[in-house]
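Chemist: Data file query13.txt (compact mmCIF, N, CA and C atoms) is appended below.
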# COMPACT_ATOMS: atom_id res chain seq x y z
N MET Q 1 -27.80 -14.13 -3.53
CA MET Q 1 -27.52 -12.72 -3.32
C MET Q 1 -26.17 -12.57 -2.59
N GLU Q 2 -25.29 -11.81 -3.19
CA GLU Q 2 -23.97 -11.59 -2.60
C GLU Q 2 -24.05 -10.42 -1.62
N VAL Q 3 -23.48 -10.61 -0.44
CA VAL Q 3 -23.56 -9.58 0.59
C VAL Q 3 -22.23 -8.88 0.85
N SER Q 4 -21.25 -9.16 0.05
CA SER Q 4 -19.96 -8.49 0.22
C SER Q 4 -19.47 -7.96 -1.12
N ILE Q 5 -18.53 -7.04 -1.03
CA ILE Q 5 -17.95 -6.42 -2.22
C ILE Q 5 -16.47 -6.77 -2.26
N ASP Q 6 -16.02 -7.22 -3.38
CA ASP Q 6 -14.60 -7.49 -3.56
C ASP Q 6 -13.85 -6.16 -3.52
N ALA Q 7 -12.83 -6.06 -2.69
CA ALA Q 7 -12.08 -4.81 -2.53
C ALA Q 7 -11.54 -4.29 -3.85
N ARG Q 8 -11.24 -5.19 -4.79
CA ARG Q 8 -10.71 -4.75 -6.09
C ARG Q 8 -11.71 -3.88 -6.84
N ASN Q 9 -13.00 -4.05 -6.55
CA ASN Q 9 -14.02 -3.24 -7.21
C ASN Q 9 -14.07 -1.81 -6.68
N LEU Q 10 -13.48 -1.57 -5.53
CA LEU Q 10 -13.51 -0.24 -4.92
C LEU Q 10 -12.25 0.57 -5.19
N ARG Q 11 -11.24 -0.06 -5.71
CA ARG Q 11 -9.96 0.61 -5.92
C ARG Q 11 -10.02 1.62 -7.05
N ARG Q 12 -9.37 2.74 -6.82
CA ARG Q 12 -9.31 3.79 -7.85
C ARG Q 12 -8.14 3.58 -8.81
N TYR Q 13 -7.14 2.87 -8.36
CA TYR Q 13 -5.89 2.75 -9.12
C TYR Q 13 -5.64 1.31 -9.52
N SER Q 14 -4.89 1.15 -10.58
CA SER Q 14 -4.53 -0.19 -11.04
C SER Q 14 -3.53 -0.80 -10.06
N GLU Q 15 -3.40 -2.09 -10.15
CA GLU Q 15 -2.43 -2.79 -9.31
C GLU Q 15 -1.02 -2.29 -9.60
N ARG Q 16 -0.72 -2.07 -10.86
CA ARG Q 16 0.61 -1.58 -11.25
C ARG Q 16 0.91 -0.22 -10.61
N GLU Q 17 -0.07 0.70 -10.67
CA GLU Q 17 0.11 2.03 -10.08
C GLU Q 17 0.32 1.94 -8.57
N ALA Q 18 -0.50 1.13 -7.93
CA ALA Q 18 -0.42 1.00 -6.47
C ALA Q 18 0.91 0.40 -6.03
N LEU Q 19 1.34 -0.65 -6.70
CA LEU Q 19 2.60 -1.29 -6.34
C LEU Q 19 3.78 -0.34 -6.56
N ALA Q 20 3.76 0.39 -7.65
CA ALA Q 20 4.84 1.34 -7.94
C ALA Q 20 4.86 2.47 -6.91
N PHE Q 21 3.68 2.90 -6.47
CA PHE Q 21 3.63 3.99 -5.50
C PHE Q 21 4.17 3.54 -4.15
N VAL Q 22 3.87 2.32 -3.75
CA VAL Q 22 4.44 1.80 -2.50
C VAL Q 22 5.96 1.83 -2.58
N ASP Q 23 6.51 1.37 -3.68
CA ASP Q 23 7.97 1.38 -3.83
C ASP Q 23 8.53 2.80 -3.79
N SER Q 24 7.82 3.75 -4.39
CA SER Q 24 8.32 5.12 -4.42
C SER Q 24 8.22 5.80 -3.05
N VAL Q 25 7.23 5.42 -2.26
CA VAL Q 25 7.03 6.05 -0.96
C VAL Q 25 7.78 5.33 0.16
N LEU Q 26 7.66 4.02 0.20
CA LEU Q 26 8.27 3.25 1.29
C LEU Q 26 9.65 2.73 0.95
N GLY Q 27 10.02 2.82 -0.31
CA GLY Q 27 11.33 2.32 -0.72
C GLY Q 27 11.27 0.83 -1.03
N PHE Q 28 12.35 0.34 -1.52
CA PHE Q 28 12.42 -1.07 -1.87
C PHE Q 28 12.68 -1.92 -0.63
N PRO Q 29 12.29 -3.17 -0.66
CA PRO Q 29 12.45 -4.03 0.52
C PRO Q 29 13.87 -4.06 1.07
N GLU Q 30 14.86 -3.97 0.20
CA GLU Q 30 16.25 -4.01 0.64
C GLU Q 30 16.63 -2.81 1.50
N SER Q 31 15.85 -1.74 1.43
CA SER Q 31 16.16 -0.54 2.22
C SER Q 31 15.66 -0.65 3.66
N TRP Q 32 14.89 -1.69 3.96
CA TRP Q 32 14.36 -1.91 5.30
C TRP Q 32 15.24 -2.92 6.04
N PRO Q 33 15.39 -2.73 7.35
CA PRO Q 33 16.08 -3.78 8.11
C PRO Q 33 15.19 -5.03 8.09
N PRO Q 34 15.77 -6.18 8.36
CA PRO Q 34 14.93 -7.39 8.38
C PRO Q 34 13.74 -7.20 9.33
N SER Q 35 12.55 -7.33 8.77
CA SER Q 35 11.33 -7.11 9.55
C SER Q 35 10.15 -7.66 8.78
N LEU Q 36 8.99 -7.62 9.41
CA LEU Q 36 7.78 -8.05 8.74
C LEU Q 36 7.49 -7.16 7.53
N ILE Q 37 7.75 -5.87 7.64
CA ILE Q 37 7.51 -4.95 6.52
C ILE Q 37 8.40 -5.33 5.34
N ALA Q 38 9.66 -5.55 5.59
CA ALA Q 38 10.58 -5.94 4.51
C ALA Q 38 10.11 -7.22 3.85
N PHE Q 39 9.67 -8.17 4.66
CA PHE Q 39 9.17 -9.45 4.14
C PHE Q 39 7.94 -9.23 3.26
N ARG Q 40 7.01 -8.42 3.73
CA ARG Q 40 5.77 -8.19 2.98
C ARG Q 40 6.03 -7.41 1.70
N LEU Q 41 6.98 -6.50 1.72
CA LEU Q 41 7.29 -5.73 0.52
C LEU Q 41 8.01 -6.56 -0.53
N SER Q 42 8.68 -7.62 -0.11
CA SER Q 42 9.49 -8.39 -1.05
C SER Q 42 8.84 -9.69 -1.53
N SER Q 43 7.87 -10.20 -0.83
CA SER Q 43 7.29 -11.51 -1.16
C SER Q 43 6.23 -11.39 -2.24
N ASP Q 44 6.37 -12.20 -3.27
CA ASP Q 44 5.39 -12.20 -4.36
C ASP Q 44 3.98 -12.50 -3.88
N PHE Q 45 3.85 -13.41 -2.92
CA PHE Q 45 2.52 -13.78 -2.46
C PHE Q 45 1.90 -12.72 -1.54
N GLN Q 46 2.63 -11.65 -1.25
CA GLN Q 46 2.11 -10.53 -0.47
C GLN Q 46 1.70 -9.36 -1.38
N ALA Q 47 1.68 -9.58 -2.69
CA ALA Q 47 1.37 -8.51 -3.64
C ALA Q 47 -0.01 -7.90 -3.40
N GLU Q 48 -0.97 -8.71 -3.00
CA GLU Q 48 -2.31 -8.17 -2.75
C GLU Q 48 -2.29 -7.21 -1.56
N TRP Q 49 -1.55 -7.57 -0.51
CA TRP Q 49 -1.39 -6.68 0.65
C TRP Q 49 -0.70 -5.38 0.22
N LYS Q 50 0.37 -5.53 -0.53
CA LYS Q 50 1.14 -4.36 -0.98
C LYS Q 50 0.28 -3.46 -1.87
N CYS Q 51 -0.54 -4.06 -2.71
CA CYS Q 51 -1.45 -3.29 -3.56
C CYS Q 51 -2.46 -2.51 -2.72
N GLU Q 52 -2.97 -3.15 -1.69
CA GLU Q 52 -3.93 -2.47 -0.80
C GLU Q 52 -3.25 -1.29 -0.11
N VAL Q 53 -2.03 -1.49 0.37
CA VAL Q 53 -1.27 -0.40 1.00
C VAL Q 53 -1.07 0.72 -0.01
N GLY Q 54 -0.71 0.37 -1.23
CA GLY Q 54 -0.52 1.38 -2.27
C GLY Q 54 -1.77 2.19 -2.53
N ASN Q 55 -2.92 1.54 -2.55
CA ASN Q 55 -4.17 2.27 -2.75
C ASN Q 55 -4.46 3.21 -1.59
N TRP Q 56 -4.18 2.78 -0.37
CA TRP Q 56 -4.38 3.67 0.78
C TRP Q 56 -3.40 4.85 0.73
N LEU Q 57 -2.16 4.60 0.35
CA LEU Q 57 -1.19 5.70 0.25
C LEU Q 57 -1.58 6.68 -0.84
N LEU Q 58 -2.04 6.18 -1.97
CA LEU Q 58 -2.49 7.06 -3.05
C LEU Q 58 -3.70 7.88 -2.62
N LEU Q 59 -4.62 7.27 -1.90
CA LEU Q 59 -5.78 8.00 -1.38
C LEU Q 59 -5.33 9.10 -0.42
N ALA Q 60 -4.37 8.78 0.44
CA ALA Q 60 -3.83 9.79 1.36
C ALA Q 60 -3.19 10.94 0.60
N ARG Q 61 -2.46 10.62 -0.46
CA ARG Q 61 -1.86 11.66 -1.30
C ARG Q 61 -2.93 12.54 -1.93
N ASP Q 62 -3.95 11.91 -2.49
CA ASP Q 62 -5.01 12.64 -3.18
C ASP Q 62 -5.77 13.57 -2.25
N HIS Q 63 -5.87 13.18 -0.98
CA HIS Q 63 -6.63 13.98 -0.02
C HIS Q 63 -5.74 14.85 0.87
N GLY Q 64 -4.44 14.89 0.55
CA GLY Q 64 -3.54 15.83 1.20
C GLY Q 64 -3.02 15.45 2.57
N PHE Q 65 -3.08 14.18 2.94
CA PHE Q 65 -2.54 13.83 4.25
C PHE Q 65 -1.47 12.75 4.21
N LEU Q 66 -0.85 12.57 3.06
CA LEU Q 66 0.22 11.57 2.94
C LEU Q 66 1.40 11.90 3.85
N ASP Q 67 1.84 13.15 3.88
CA ASP Q 67 2.99 13.52 4.72
C ASP Q 67 2.70 13.27 6.20
N GLN Q 68 1.49 13.59 6.64
CA GLN Q 68 1.12 13.34 8.04
C GLN Q 68 1.11 11.85 8.33
N LEU Q 69 0.57 11.08 7.41
CA LEU Q 69 0.51 9.63 7.58
C LEU Q 69 1.92 9.05 7.66
N LEU Q 70 2.78 9.47 6.76
CA LEU Q 70 4.16 8.97 6.77
C LEU Q 70 4.90 9.39 8.03
N GLY Q 71 4.63 10.59 8.52
CA GLY Q 71 5.24 11.05 9.76
C GLY Q 71 4.85 10.15 10.92
N ARG Q 72 3.60 9.74 10.96
CA ARG Q 72 3.14 8.84 12.02
C ARG Q 72 3.75 7.46 11.88
N THR Q 73 3.88 6.97 10.66
CA THR Q 73 4.45 5.64 10.47
C THR Q 73 5.94 5.64 10.78
N ASN Q 74 6.62 6.73 10.47
CA ASN Q 74 8.06 6.79 10.78
C ASN Q 74 8.30 6.79 12.29
N ARG Q 75 7.41 7.42 13.06
CA ARG Q 75 7.55 7.42 14.51
C ARG Q 75 7.28 6.04 15.09
N ALA Q 76 6.37 5.30 14.44
CA ALA Q 76 6.03 3.96 14.94
C ALA Q 76 7.17 3.02 14.66
Output the file's structure in the form of structure tokens.

Modeler:
Amino acid sequence: MEVSIDARNLRRYSEREALAFVDSVLGFPESWPPSLIAFRLSSDFQAEWKCEVGNWLLLARDHGFLDQLLGRTNRA
């Protein structure tokens, strides 16, 4: 009996949609100063992380709080 759910089963959006949305919202890695975020946005082996971020951003958009979320992240 499996007691956990693979996160991919809960996602509403495809990996392609999520990755593209991250790029459209956060910009391309080259637009960031050298940082952990720039590294994660540009590294192929971080695609799963980037996809998860994209799904959260799309969910925020769908529920009307993307601008508030981005405002908080820009301050951080």

Chemist: Which residues in chain Q does DSSP call helix (DSSP H, G or I)? List them as a count of residues only.

Modeler: 54

Chemist: Distance atom N of Q:Ser42-atom N of Q:Pro29, one decimal place?

Modeler: 5.8 Å

Chemist: By how many Å are atom N of Q:Asn55 and atom C of Q:Ala18 apart?

Modeler: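 Straight-line distance from atom N of Q:Asn55 to atom C of Q:Ala18 works out to 5.3 Å.
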
Chemist: With only C-alpha atoms as the basis for distance, which of Q:Glu52, Q:Leu58, Q:Ile37, Q:Asp44 is at the shortest distance from Q:Thr73?

Modeler: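 Among the listed residues, the smallest separation from Q:Thr73 belongs to Q:Ile37.
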
Chemist: Can you work out the spacing between atom CA of Q:Tyr13 and atom CA of Q:Gly54 in Å, to one decimal?

Modeler: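 Separating atom CA of Q:Tyr13 from atom CA of Q:Gly54 is a distance of 8.8 Å.
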
Chemist: Please determine, counting only C-alpha atoms, which residue among Q:Trp32, Q:Val25, Q:Phe45, Q:Arg40 has the shortest atom-to-atom distance to Q:Arg61.

Modeler: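 Among the listed residues, the smallest separation from Q:Arg61 belongs to Q:Val25.
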
Chemist: Taking all atoms of stretch 17-25 of chain Q that appear in the file, build a box with edges along x, y and z, extend it by 5 Å on every side, and state its centre and edge lengths in Å to one decimal, as lines of an AutoDock Vina configuration file.

Modeler:
center_x = 4.0
center_y = 2.4
center_z = -5.3
size_x = 19.0
size_y = 17.3
size_z = 20.8

Chemist: For Q:Arg16, please output as a list in words all residues within 9 Å (counting only C-alpha atoms; exclusion window: fewer than 4 positions along the same chain).

Modeler: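 Final neighbour list, sorted by chain and number: Ala20, Phe21 and Cys51 of chain Q.
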
Chemist: What would the file look like if the residues just selected were written as an mmCIF file, in the frame of the given file with N, CA and C atoms?

Modeler:
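Contents of the output file part.cif:
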data_model
loop_
_atom_site.group_PDB
_atom_site.id
_atom_site.type_symbol
_atom_site.label_atom_id
_atom_site.label_comp_id
_atom_site.auth_asym_id
_atom_site.auth_seq_id
_atom_site.Cartn_x
_atom_site.Cartn_y
_atom_site.Cartn_z
ATOM 1 N N ALA Q 20 3.760 0.390 -7.650
ATOM 2 C CA ALA Q 20 4.840 1.340 -7.940
ATOM 3 C C ALA Q 20 4.860 2.470 -6.910
ATOM 4 N N PHE Q 21 3.680 2.900 -6.470
ATOM 5 C CA PHE Q 21 3.630 3.990 -5.500
ATOM 6 C C PHE Q 21 4.170 3.540 -4.150
ATOM 7 N N CYS Q 51 -0.540 -4.060 -2.710
ATOM 8 C CA CYS Q 51 -1.450 -3.290 -3.560
ATOM 9 C C CYS Q 51 -2.460 -2.510 -2.720
#

Chemist: Could you add the missing atoms to stretch 18-29 of chain Q, up to all heavy atoms, and return them as a CSV table (one decimal), keeping the file's coordinate frame?

Modeler:
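In the end it all went to part.csv:
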chain,number,residue,atom,x,y,z
Q,18,ALA,N,-0.5,1.1,-7.9
Q,18,ALA,CA,-0.4,1.0,-6.5
Q,18,ALA,C,0.9,0.4,-6.0
Q,18,ALA,O,1.5,0.9,-5.1
Q,18,ALA,CB,-1.6,0.2,-6.0
Q,19,LEU,N,1.3,-0.6,-6.7
Q,19,LEU,CA,2.6,-1.3,-6.3
Q,19,LEU,C,3.8,-0.3,-6.6
Q,19,LEU,O,4.7,-0.3,-5.7
Q,19,LEU,CB,2.8,-2.6,-7.1
Q,19,LEU,CG,1.8,-3.7,-6.8
Q,19,LEU,CD1,2.0,-4.9,-7.8
Q,19,LEU,CD2,1.9,-4.1,-5.4
Q,20,ALA,N,3.8,0.4,-7.6
Q,20,ALA,CA,4.8,1.3,-7.9
Q,20,ALA,C,4.9,2.5,-6.9
Q,20,ALA,O,5.9,2.9,-6.5
Q,20,ALA,CB,4.7,1.9,-9.4
Q,21,PHE,N,3.7,2.9,-6.5
Q,21,PHE,CA,3.6,4.0,-5.5
Q,21,PHE,C,4.2,3.5,-4.2
Q,21,PHE,O,4.9,4.3,-3.5
Q,21,PHE,CB,2.2,4.6,-5.4
Q,21,PHE,CG,2.2,5.9,-4.7
Q,21,PHE,CD1,2.7,7.0,-5.3
Q,21,PHE,CD2,1.6,6.0,-3.4
Q,21,PHE,CE1,2.7,8.2,-4.7
Q,21,PHE,CE2,1.6,7.3,-2.8
Q,21,PHE,CZ,2.1,8.4,-3.4
Q,22,VAL,N,3.9,2.3,-3.8
Q,22,VAL,CA,4.4,1.8,-2.5
Q,22,VAL,C,6.0,1.8,-2.6
Q,22,VAL,O,6.6,2.3,-1.6
Q,22,VAL,CB,3.9,0.4,-2.2
Q,22,VAL,CG1,4.7,-0.3,-1.1
Q,22,VAL,CG2,2.5,0.4,-1.9
Q,23,ASP,N,6.5,1.4,-3.7
Q,23,ASP,CA,8.0,1.4,-3.8
Q,23,ASP,C,8.5,2.8,-3.8
Q,23,ASP,O,9.6,3.0,-3.2
Q,23,ASP,CB,8.4,0.7,-5.1
Q,23,ASP,CG,8.2,-0.8,-5.1
Q,23,ASP,OD1,8.1,-1.4,-4.0
Q,23,ASP,OD2,8.1,-1.4,-6.2
Q,24,SER,N,7.8,3.8,-4.4
Q,24,SER,CA,8.3,5.1,-4.4
Q,24,SER,C,8.2,5.8,-3.0
Q,24,SER,O,9.0,6.6,-2.7
Q,24,SER,CB,7.6,5.9,-5.5
Q,24,SER,OG,6.3,6.2,-5.1
Q,25,VAL,N,7.2,5.4,-2.3
Q,25,VAL,CA,7.0,6.0,-1.0
Q,25,VAL,C,7.8,5.3,0.2
Q,25,VAL,O,8.5,6.0,1.0
Q,25,VAL,CB,5.5,6.1,-0.6
Q,25,VAL,CG1,5.3,6.6,0.8
Q,25,VAL,CG2,4.8,7.1,-1.6
Q,26,LEU,N,7.7,4.0,0.2
Q,26,LEU,CA,8.3,3.2,1.3
Q,26,LEU,C,9.6,2.7,1.0
Q,26,LEU,O,10.4,2.3,1.8
Q,26,LEU,CB,7.4,2.1,1.7
Q,26,LEU,CG,6.0,2.4,2.2
Q,26,LEU,CD1,5.2,1.2,2.6
Q,26,LEU,CD2,6.1,3.4,3.4
Q,27,GLY,N,10.0,2.8,-0.3
Q,27,GLY,CA,11.3,2.3,-0.7
Q,27,GLY,C,11.3,0.8,-1.0
Q,27,GLY,O,10.3,0.2,-0.8
Q,28,PHE,N,12.4,0.3,-1.5
Q,28,PHE,CA,12.4,-1.1,-1.9
Q,28,PHE,C,12.7,-1.9,-0.6
Q,28,PHE,O,13.2,-1.4,0.4
Q,28,PHE,CB,13.5,-1.3,-2.9
Q,28,PHE,CG,13.1,-0.7,-4.3
Q,28,PHE,CD1,13.6,0.6,-4.6
Q,28,PHE,CD2,12.2,-1.3,-5.1
Q,28,PHE,CE1,13.2,1.2,-5.8
Q,28,PHE,CE2,11.9,-0.7,-6.3
Q,28,PHE,CZ,12.4,0.5,-6.7
Q,29,PRO,N,12.3,-3.2,-0.7
Q,29,PRO,CA,12.4,-4.0,0.5
Q,29,PRO,C,13.9,-4.1,1.1
Q,29,PRO,O,14.1,-4.1,2.3
Q,29,PRO,CB,12.1,-5.4,0.0
Q,29,PRO,CG,11.2,-5.2,-1.2
Q,29,PRO,CD,11.7,-3.9,-1.8
